Every structure is written in structure tokens, then in C-alpha cells.
$ cat data_33.cif   # mmCIF, C-alpha atoms and all ligand atoms
data_final
#
loop_
_atom_site.label_atom_id
_atom_site.label_comp_id
_atom_site.auth_asym_id
_atom_site.auth_seq_id
_atom_site.Cartn_x
_atom_site.Cartn_y
_atom_site.Cartn_z
CA SER A 1 107.87 89.87 84.97
CA SER A 2 105.75 92.48 83.22
CA SER A 3 102.55 90.53 83.77
CA HIS A 4 102.55 91.30 87.49
CA PRO A 5 100.15 93.94 88.78
CA ASP A 6 101.69 97.23 89.84
CA ILE A 7 101.14 97.00 93.57
CA ALA A 8 101.66 100.18 95.59
CA LEU A 9 103.08 98.46 98.64
CA PRO A 10 103.45 100.58 101.75
CA ARG A 11 106.71 100.47 103.70
CA LEU A 12 104.93 98.97 106.71
CA ILE A 13 102.44 96.12 106.79
CA ALA A 14 100.64 95.27 110.04
CA HIS A 15 101.49 91.71 111.08
CA ARG A 16 98.44 89.54 111.96
CA GLY A 17 96.37 92.72 111.91
CA LEU A 18 98.02 95.01 114.40
CA ALA A 19 99.28 92.32 116.77
CA ALA A 20 100.92 94.71 119.24
CA HIS A 21 97.67 96.56 119.88
CA ALA A 22 94.86 94.03 119.47
CA PRO A 23 94.29 90.25 119.47
CA GLU A 24 96.10 88.98 116.37
CA ASN A 25 94.22 87.89 113.26
CA THR A 26 90.85 89.30 114.42
CA LEU A 27 88.50 91.83 112.87
CA ALA A 28 89.35 94.08 115.82
CA ALA A 29 93.05 93.87 114.93
CA VAL A 30 92.42 94.85 111.32
CA ARG A 31 90.23 97.77 112.43
CA ALA A 32 93.02 98.82 114.80
CA ALA A 33 95.54 98.61 111.97
CA HIS A 34 93.37 100.77 109.75
CA GLU A 35 92.78 103.30 112.52
CA ALA A 36 96.55 103.45 113.10
CA GLY A 37 97.01 104.41 109.45
CA CYS A 38 98.03 101.02 108.03
CA ARG A 39 96.78 100.31 104.51
CA TRP A 40 97.98 96.70 104.34
CA VAL A 41 97.82 93.82 106.80
CA GLU A 42 99.33 90.35 106.92
CA LEU A 43 96.92 87.60 108.04
CA ASP A 44 97.07 83.81 108.38
CA VAL A 45 94.33 81.57 106.99
CA GLN A 46 93.60 77.88 107.56
CA LEU A 47 90.63 75.52 107.62
CA LEU A 48 88.32 74.39 110.39
CA GLY A 49 87.39 70.72 110.58
CA ASP A 50 84.28 71.40 108.50
CA GLY A 51 86.36 73.09 105.79
CA THR A 52 85.49 76.70 106.64
CA PRO A 53 88.47 79.02 106.05
CA VAL A 54 89.21 81.11 109.15
CA ILE A 55 91.81 83.69 110.10
CA TRP A 56 94.07 81.94 112.62
CA HIS A 57 97.78 81.35 113.13
CA ASP A 58 98.29 78.37 115.42
CA ALA A 59 97.39 74.70 114.97
CA THR A 60 95.88 74.90 118.45
CA LEU A 61 93.47 77.14 120.36
CA SER A 62 95.00 77.78 123.76
CA ARG A 63 97.33 80.70 123.10
CA CYS A 64 94.75 82.99 121.49
CA SER A 65 91.36 81.88 122.83
CA ASP A 66 89.57 80.55 125.89
CA GLY A 67 89.48 77.09 124.26
CA ASN A 68 91.80 74.10 124.06
CA GLY A 69 92.76 71.46 121.56
CA ARG A 70 93.19 71.70 117.84
CA LEU A 71 91.61 74.18 115.43
CA ALA A 72 90.94 71.33 113.01
CA ALA A 73 88.74 69.63 115.63
CA LEU A 74 86.18 72.46 115.44
CA ASP A 75 83.27 73.13 113.15
CA LEU A 76 82.12 76.71 112.61
CA ALA A 77 79.49 76.60 115.37
CA ALA A 78 82.10 75.46 117.90
CA ALA A 79 84.64 78.00 116.70
CA ARG A 80 82.08 80.77 117.15
CA ARG A 81 81.62 79.93 120.79
CA LEU A 82 85.23 80.76 121.59
CA ASP A 83 86.26 84.12 122.99
CA VAL A 84 89.33 85.11 120.97
CA GLY A 85 89.79 88.55 122.52
CA SER A 86 89.97 88.23 126.32
CA TRP A 87 93.41 86.62 126.32
CA PHE A 88 94.75 89.89 124.92
CA GLY A 89 92.78 92.29 127.10
CA ASP A 90 89.39 92.95 128.66
CA ALA A 91 88.64 95.58 126.02
CA PHE A 92 88.43 92.75 123.48
CA ARG A 93 86.17 90.41 125.49
CA GLY A 94 83.64 88.68 123.26
CA GLU A 95 85.66 88.98 120.05
CA ARG A 96 84.82 86.02 117.76
CA MET A 97 87.06 84.10 115.38
CA ALA A 98 86.84 85.67 111.92
CA THR A 99 85.96 83.61 108.89
CA LEU A 100 87.82 84.42 105.69
CA ASN A 101 84.58 85.80 104.23
CA GLU A 102 84.02 88.21 107.11
CA MET A 103 87.60 89.36 106.95
CA LEU A 104 87.40 89.99 103.21
CA GLU A 105 84.27 92.10 103.76
CA LEU A 106 86.09 94.24 106.28
CA LEU A 107 89.14 94.64 104.05
CA LEU A 108 86.92 95.73 101.17
CA GLU A 109 84.93 98.10 103.34
CA ARG A 110 88.16 99.77 104.53
CA ASN A 111 89.82 99.67 101.11
CA MET A 112 92.80 97.77 102.51
CA GLY A 113 95.37 95.44 100.95
CA VAL A 114 96.26 92.05 102.39
CA ASN A 115 99.17 89.66 102.42
CA MET A 116 97.21 86.46 103.05
CA GLU A 117 99.41 83.62 104.31
CA LEU A 118 98.24 80.06 103.65
CA LYS A 119 99.16 78.47 106.99
CA VAL A 120 99.57 74.71 106.76
CA THR A 121 99.62 73.35 110.32
CA GLY A 122 97.82 70.03 110.48
CA LYS A 123 96.99 66.99 108.43
CA ARG A 124 95.39 68.96 105.67
CA SER A 125 97.61 69.60 102.67
CA GLY A 126 98.60 72.92 101.25
CA THR A 127 96.82 71.89 98.08
CA GLU A 128 93.52 71.52 99.91
CA LEU A 129 94.00 74.84 101.68
CA ALA A 130 94.76 76.67 98.44
CA GLU A 131 91.77 75.01 96.76
CA ALA A 132 89.44 76.35 99.47
CA VAL A 133 90.92 79.84 99.82
CA VAL A 134 92.24 81.05 96.47
CA PRO A 135 88.91 81.21 94.56
CA ARG A 136 87.42 83.34 97.34
CA LEU A 137 90.39 85.71 97.31
CA LEU A 138 90.26 86.09 93.53
CA GLU A 139 86.54 86.81 93.65
CA ALA A 140 86.85 89.40 96.42
CA LEU A 141 90.06 91.32 95.85
CA PRO A 142 91.73 93.05 92.92
CA ALA A 143 95.28 91.84 92.26
CA GLU A 144 96.60 95.29 93.27
CA ARG A 145 95.49 94.66 96.83
CA LEU A 146 96.55 91.05 97.34
CA ILE A 147 99.69 89.02 97.90
CA LEU A 148 99.25 85.34 98.65
CA SER A 149 102.18 83.84 100.54
CA SER A 150 103.08 80.54 102.18
CA PHE A 151 105.99 78.54 103.52
CA ASP A 152 104.26 75.54 101.95
CA ARG A 153 105.44 74.70 98.44
CA LEU A 154 102.39 72.64 97.48
CA ALA A 155 100.07 75.42 98.59
CA LEU A 156 101.79 77.93 96.32
CA GLN A 157 102.06 75.51 93.41
CA HIS A 158 98.36 74.79 93.57
CA ALA A 159 97.53 78.48 93.96
CA ARG A 160 99.51 79.25 90.82
CA SER A 161 97.69 76.52 88.91
CA LEU A 162 94.42 78.32 89.73
CA ALA A 163 95.42 81.79 88.51
CA ASP A 164 98.27 83.44 86.64
CA ALA A 165 100.55 86.20 87.85
CA SER A 166 98.40 89.04 86.55
CA LEU A 167 95.52 87.99 88.81
CA LEU A 168 97.34 86.45 91.76
CA PRO A 169 100.58 87.93 93.11
CA ILE A 170 102.46 85.17 94.96
CA GLY A 171 104.99 85.71 97.73
CA VAL A 172 107.54 82.98 98.49
CA LEU A 173 107.92 82.77 102.29
CA THR A 174 111.24 81.50 103.62
CA GLU A 175 112.89 81.56 107.04
CA SER A 176 116.13 82.20 105.23
CA VAL A 177 116.44 82.67 101.49
CA PRO A 178 117.60 79.34 100.01
CA HIS A 179 120.34 79.00 97.41
CA LYS A 180 117.70 77.92 94.93
CA TRP A 181 115.58 81.02 95.52
CA ARG A 182 115.69 82.05 91.85
CA PHE A 183 114.41 78.68 90.67
CA ARG A 184 111.59 78.69 93.23
CA CYS A 185 110.51 82.20 92.26
CA GLU A 186 110.64 81.51 88.55
CA SER A 187 108.73 78.25 88.77
CA LEU A 188 105.93 80.03 90.68
CA ASP A 189 106.08 83.23 88.62
CA ALA A 190 106.38 84.89 92.02
CA PHE A 191 105.89 88.57 92.77
CA SER A 192 107.89 88.74 95.99
CA ILE A 193 110.09 87.03 98.56
CA HIS A 194 109.22 87.31 102.25
CA THR A 195 111.91 86.43 104.74
CA ASP A 196 113.02 86.69 108.37
CA TRP A 197 114.74 90.07 108.64
CA THR A 198 117.38 88.76 111.06
CA ARG A 199 118.64 86.19 108.55
CA LEU A 200 118.67 88.27 105.39
CA THR A 201 122.09 89.34 104.06
CA ALA A 202 122.84 92.47 102.04
CA HIS A 203 124.24 90.25 99.30
CA ARG A 204 121.05 88.21 98.96
CA ALA A 205 118.87 91.31 99.16
CA ASN A 206 120.82 92.82 96.26
CA GLU A 207 120.42 89.69 94.15
CA ILE A 208 116.67 89.55 94.77
CA LYS A 209 116.15 93.21 93.92
CA ALA A 210 118.37 92.98 90.84
CA ALA A 211 116.17 90.13 89.60
CA GLY A 212 113.11 92.38 89.89
CA TYR A 213 111.30 90.83 92.84
CA ARG A 214 109.77 92.72 95.75
CA LEU A 215 111.43 91.97 99.06
CA LEU A 216 109.46 91.88 102.30
CA CYS A 217 110.75 91.16 105.80
CA TYR A 218 108.99 89.75 108.84
CA THR A 219 108.80 90.59 111.78
CA PRO A 220 110.92 93.58 112.76
CA ASN A 221 109.63 95.45 115.79
CA ASP A 222 112.72 97.56 116.50
CA PRO A 223 113.01 100.38 113.93
CA ALA A 224 116.57 101.31 114.86
CA ALA A 225 117.82 97.73 114.50
CA PHE A 226 116.02 97.42 111.17
CA ALA A 227 117.07 100.80 109.73
CA ASN A 228 119.91 99.70 107.41
CA ARG A 229 117.70 97.08 105.70
CA TRP A 230 115.88 99.82 103.79
CA ALA A 231 119.21 100.67 102.17
CA TRP A 232 119.64 97.00 101.26
CA GLY A 233 116.53 97.35 99.08
CA VAL A 234 113.87 95.90 101.36
CA ASP A 235 110.50 97.14 100.12
CA SER A 236 108.30 96.49 103.14
CA ALA A 237 108.48 95.42 106.76
CA ILE A 238 105.73 93.24 108.21
CA SER A 239 105.68 94.43 111.82
CA ASP A 240 103.55 93.81 114.89
CA ASP A 241 103.67 97.58 115.42
CA PRO A 242 104.13 99.73 112.29
CA THR A 243 103.38 102.85 114.33
CA LEU A 244 106.90 102.61 115.81
CA PHE A 245 108.48 102.98 112.36
CA ASP A 246 106.55 105.90 110.95
CA SER A 247 109.22 108.53 111.40
CA ILE A 248 112.07 106.29 110.20
CA ALA A 249 110.88 104.41 107.11
CA PRO A 250 111.67 106.04 103.74
CA PRO A 251 108.75 106.82 101.41
CA PRO A 252 107.48 103.79 99.43
CA GLY A 253 109.41 102.83 96.33
CA GLU A 254 112.60 104.78 97.07
O1 LIG A 301 104.01 86.20 106.70
C1 LIG A 301 105.06 86.55 107.55
C2 LIG A 301 104.98 85.88 108.88
O2 LIG A 301 103.67 85.99 109.37
C3 LIG A 301 105.39 84.44 108.81
O3 LIG A 301 105.48 83.81 110.08
O4 LIG A 301 104.62 82.48 111.95
O5 LIG A 301 104.25 84.94 111.94
O6 LIG A 301 103.00 83.46 110.36
P1 LIG A 301 104.28 83.66 111.11
MG MG A 302 101.88 84.83 109.11
#

$ encode --input "data_33.cif" --output "C-alpha cells" --more "lines below"
Ligand code: G3P
Ligand code: MG
Amino acid sequence: SSSHPDIALPRLIAHRGLAAHAPENTLAAVRAAHEAGCRWVELDVQLLGDGTPVIWHDATLSRCSDGNGRLAALDLAAARRLDVGSWFGDAFRGERMATLNEMLELLLERNMGVNMELKVTGKRSGTELAEAVVPRLLEALPAERLILSSFDRLALQHARSLADASLLPIGVLTESVPHKWRFRCESLDAFSIHTDWTRLTAHRANEIKAAGYRLLCYTPNDPAAFANRWAWGVDSAISDDPTLFDSIAPPPGE
């Protein structure tokens, strides 16, 4: 609809920061993305046990830190004690979990855009997550540099109740685009659909584009395999390594 901001989306968005080159969802990963020429990143946000929003993907700690157990069992002091860089490489030893506030500061400092994904993993509802995160995003970022996405319907519904489409671009995240995609997008006044690139069909891509929505795909990491999706009308690819695509992706908006 015409009330959406005119977002200059790049062809490539760095997934979880620049996950192929740095520990995902960290400040170091976003710096790496920026230094690699990326102007937008995708990041996951959820809440610690004490309610602090942090940038983290998993429900648990073991894959991406030197800790164990559940993220929701930590308060901020405990989360800060974790090393979230060493698992990826010695160069990142001592990296600390980023709070949403710290990450927003970095994004502002570097003039970057963000696709922030509300990641509902535990007992907390999407509503509660949106309630904690959306006001901070609205305060920090202009609508031209923000897309809020989620797989969680309640999270997006609550987000929309907090701000209209001119202030908060919403992306509907789906593993495969459902038959009722049009209804879901309309009821959320959505800006975009974000889907698994391996499950998208040319037919569905055409329908989505004809209806005026932006179409984003996660997480292609093989530019040759992805190449024909640009012709299907895909606007942006959310990749672990955008640097691989640079010579292949068409200019934005074409
Ligand atoms: O937002 C796109 C993508 O990040 C969704 O899946 O599991 O990588 O967060 P996941
Ligand atoms: Mg994500």
C-alpha cells in the first residue's frame, strides 16, 4: 500500500550479521558485514530471563557460546559472562552477547538497515517479545532502515497494533508461502514476504510481486543455484555470505 516507506533494499542482506565470516548475531558480525560492503543485516532478537532483549538465535546456549542450558535461564549479568566468539574462532575470543540496545547503537553509527526477526523459542509469547522490542526499534530507527519479521503470528499482530505501516514495515516469515498468504499480508498491512528460497515457486513469486509486496529469500549461499530467482522477481537474498554474490546479483530494483 502507498503508506509504506520507500525502502531502498539492497540485493544482498547479511544473515545473522555476516555468519560465514564471524560469530553470528554479534557486534563483530555486524562490523564484518559493514566492512564487507553490506548495508543491511538480518538479526534475531529474543528475551533473557530478566526481560532484556538480546541478539540471539537459539533457545539454548551451547552452539554459539561457552555456556550451556537455556537463554531464558540467564539474567544480563550471567549472559555477559559468556564468551560468544571463541566457538567460531580464536580471533573472536572474548566477544560478548549483544543487547538489542548495543546493537541498535552500532547500526546507527554505521548507518545500516536491519531486518530484525522476533524469534519466539521458549515459553514467552510473541506478544511479550513484540511488547519489549518494538518500542525500542521505533525509537531508534527510521522506517526506511527497518523491517520487522517473524514466523510468529502473535508477535507480528502485536507489533502491528503498536505502529502502523508507515512507521513499521513488517515482513511475514514463512518456510513455504501458504495458500492464505494474501490474507495474512493484508491483515498485517505487511511490507514483505520472507521465505525459504528452496521452496519458493516461480508462480508464487509472480503472485506476490503482482500484489505489490517485496519478496525476500533466506538463506541462499550458492549464487549459481540461486541465479534464476532474481528473474522470478525476488528483491533480496538474505545470505550467510553476500560477498559470494556480488558479481552475479542484478542492481537493486531491476
Ligand atoms: O529471517 C530469515 C531467517 O533468519 C529465518 O530463519 O532460523 O535463520 O532465523 P533462521
Ligand atoms: Mg533469523

$ atom_distance --input "data_33.cif" --atom1 "atom CA of Gln46 of chain A" --atom2 "atom CA of Lys119 of chain A"
5.6 Å

$ residues_near_ligand --input "data_33.cif" --ligand "ligand MG 302 (chain A)" --cutoff "6 Å" --atoms "all atoms listed in the file" --output "PDB file with C-alpha atoms, keeping the file's coordinate frame"
ATOM      1  CA  LEU A  43      96.920  87.600 108.040  1.00  0.00           C
ATOM      2  CA  ASP A  44      97.070  83.810 108.380  1.00  0.00           C
ATOM      3  CA  GLU A 117      99.410  83.620 104.310  1.00  0.00           C
TER       4      GLU A 117
END

$ closest_residue --input "data_33.cif" --among "A:Arg204, A:Arg214, A:Arg160, A:Arg153" --to "Pro178 of chain A" --atoms "only C-alpha atoms"
A:Arg204

$ closest_atom_pairs --input "data_33.cif" --of "chain A" --to "ligand LIG 301 (chain A)" --cutoff "10 Å" --atoms "only C-alpha atoms and all ligand atoms" --output "Markdown table"
| residue | atom | partner | partner_atom | distance |
| --- | --- | --- | --- | --- |
| A:Ile13 | CA | A:LIG301 | C1 | 10.0 |
| A:Ala14 | CA | A:LIG301 | O2 | 9.8 |
| A:His15 | CA | A:LIG301 | O2 | 6.4 |
| A:Arg16 | CA | A:LIG301 | O2 | 6.8 |
| A:Val41 | CA | A:LIG301 | O1 | 9.8 |
| A:Glu42 | CA | A:LIG301 | O1 | 6.3 |
| A:Leu43 | CA | A:LIG301 | O2 | 7.1 |
| A:Asp44 | CA | A:LIG301 | O6 | 6.3 |
| A:Val45 | CA | A:LIG301 | O6 | 9.5 |
| A:Trp56 | CA | A:LIG301 | O6 | 9.3 |
| A:His57 | CA | A:LIG301 | O6 | 6.3 |
| A:Asp58 | CA | A:LIG301 | O4 | 8.3 |
| A:Asn115 | CA | A:LIG301 | O1 | 7.3 |
| A:Met116 | CA | A:LIG301 | O1 | 7.7 |
| A:Glu117 | CA | A:LIG301 | O1 | 5.8 |
| A:Leu118 | CA | A:LIG301 | O6 | 8.9 |
| A:Lys119 | CA | A:LIG301 | O6 | 7.1 |
| A:Leu148 | CA | A:LIG301 | O1 | 9.4 |
| A:Ser149 | CA | A:LIG301 | O1 | 6.8 |
| A:Ser150 | CA | A:LIG301 | O1 | 7.3 |
| A:Phe151 | CA | A:LIG301 | C3 | 7.9 |
| A:Gly171 | CA | A:LIG301 | O1 | 9.0 |
| A:Val172 | CA | A:LIG301 | O1 | 9.5 |
| A:Leu173 | CA | A:LIG301 | O1 | 6.8 |
| A:Thr174 | CA | A:LIG301 | C3 | 8.4 |
| A:Glu175 | CA | A:LIG301 | C3 | 8.2 |
| A:His194 | CA | A:LIG301 | C1 | 6.8 |
| A:Thr195 | CA | A:LIG301 | C1 | 7.4 |
| A:Asp196 | CA | A:LIG301 | C3 | 8.0 |
| A:Leu216 | CA | A:LIG301 | C1 | 8.7 |
| A:Cys217 | CA | A:LIG301 | C1 | 7.5 |
| A:Tyr218 | CA | A:LIG301 | C1 | 5.2 |
| A:Thr219 | CA | A:LIG301 | C2 | 6.7 |
| A:Ala237 | CA | A:LIG301 | C1 | 9.5 |
| A:Ile238 | CA | A:LIG301 | C1 | 6.8 |
| A:Ser239 | CA | A:LIG301 | C1 | 9.0 |
| A:Asp240 | CA | A:LIG301 | O5 | 9.4 |

$ closest_residue --input "data_33.cif" --among "A:Thr60, A:Asn101, A:Thr198, A:Asn68" --to "Leu27 of chain A" --atoms "all atoms listed in the file"
A:Asn101

$ atom_distance --input "data_33.cif" --atom1 "atom CA of Arg145 of chain A" --atom2 "atom CA of Asp241 of chain A"
20.5 Å

$ atom_distance --input "data_33.cif" --atom1 "atom CA of Gly67 of chain A" --atom2 "atom CA of Thr127 of chain A"
27.7 Å

$ closest_residue --input "data_33.cif" --among "A:Ser125, A:Ser247, A:Asn206, A:Ser176" --to "Pro223 of chain A" --atoms "only C-alpha atoms"
A:Ser247

$ residues_around --input "data_33.cif" --residues "Gly94 of chain A" --least-positions-apart "6" --cutoff "9 Å" --atoms "only C-alpha atoms" --output "list in words"
Leu82, Asp83, Val84, Gly85 and Ser86 of chain A

$ residues_around --input "data_33.cif" --residues "Ser161 of chain A" --least-positions-apart "4" --cutoff "10 Å" --atoms "all atoms listed in the file" --output "list of chain:residue names"
A:Ala130, A:Glu131, A:Leu156, A:Gln157, A:Leu188

$ closest_residue --input "data_33.cif" --among "A:Ala225, A:Leu12, A:Leu48, A:Cys64" --to "Ala77 of chain A" --atoms "only C-alpha atoms"
A:Leu48

$ build_atoms --input "data_33.cif" --residues "segment 17-31 of chain A" --atoms "N, CA and C atoms" --output "tab-separated table (two decimals), keeping the file's coordinate frame"
chain	number	residue	atom	x	y	z
A	17	GLY	N	97.19	91.57	111.51
A	17	GLY	CA	96.37	92.72	111.91
A	17	GLY	C	97.33	93.71	112.52
A	18	LEU	N	97.06	94.14	113.70
A	18	LEU	CA	98.02	95.01	114.40
A	18	LEU	C	98.30	94.31	115.74
A	19	ALA	N	99.17	93.27	115.66
A	19	ALA	CA	99.28	92.32	116.77
A	19	ALA	C	99.76	92.95	118.08
A	20	ALA	N	100.46	94.08	117.99
A	20	ALA	CA	100.92	94.71	119.24
A	20	ALA	C	99.81	95.42	119.99
A	21	HIS	N	98.71	95.72	119.28
A	21	HIS	CA	97.67	96.56	119.88
A	21	HIS	C	96.32	95.87	120.03
A	22	ALA	N	96.17	94.70	119.47
A	22	ALA	CA	94.86	94.03	119.47
A	22	ALA	C	95.09	92.53	119.28
A	23	PRO	N	94.10	91.69	119.64
A	23	PRO	CA	94.29	90.25	119.47
A	23	PRO	C	94.53	89.89	118.00
A	24	GLU	N	95.65	89.25	117.73
A	24	GLU	CA	96.10	88.98	116.37
A	24	GLU	C	95.05	88.27	115.54
A	25	ASN	N	95.06	88.59	114.23
A	25	ASN	CA	94.22	87.89	113.26
A	25	ASN	C	92.71	88.01	113.51
A	26	THR	N	92.29	89.08	114.22
A	26	THR	CA	90.85	89.30	114.42
A	26	THR	C	90.39	90.52	113.62
A	27	LEU	N	89.07	90.64	113.49
A	27	LEU	CA	88.50	91.83	112.87
A	27	LEU	C	88.91	93.07	113.66
A	28	ALA	N	88.95	92.95	114.98
A	28	ALA	CA	89.35	94.08	115.82
A	28	ALA	C	90.78	94.50	115.50
A	29	ALA	N	91.65	93.55	115.23
A	29	ALA	CA	93.05	93.87	114.93
A	29	ALA	C	93.17	94.59	113.59
A	30	VAL	N	92.37	94.19	112.64
A	30	VAL	CA	92.42	94.85	111.32
A	30	VAL	C	91.83	96.26	111.42
A	31	ARG	N	90.76	96.41	112.19
A	31	ARG	CA	90.23	97.77	112.43
A	31	ARG	C	91.29	98.63	113.12
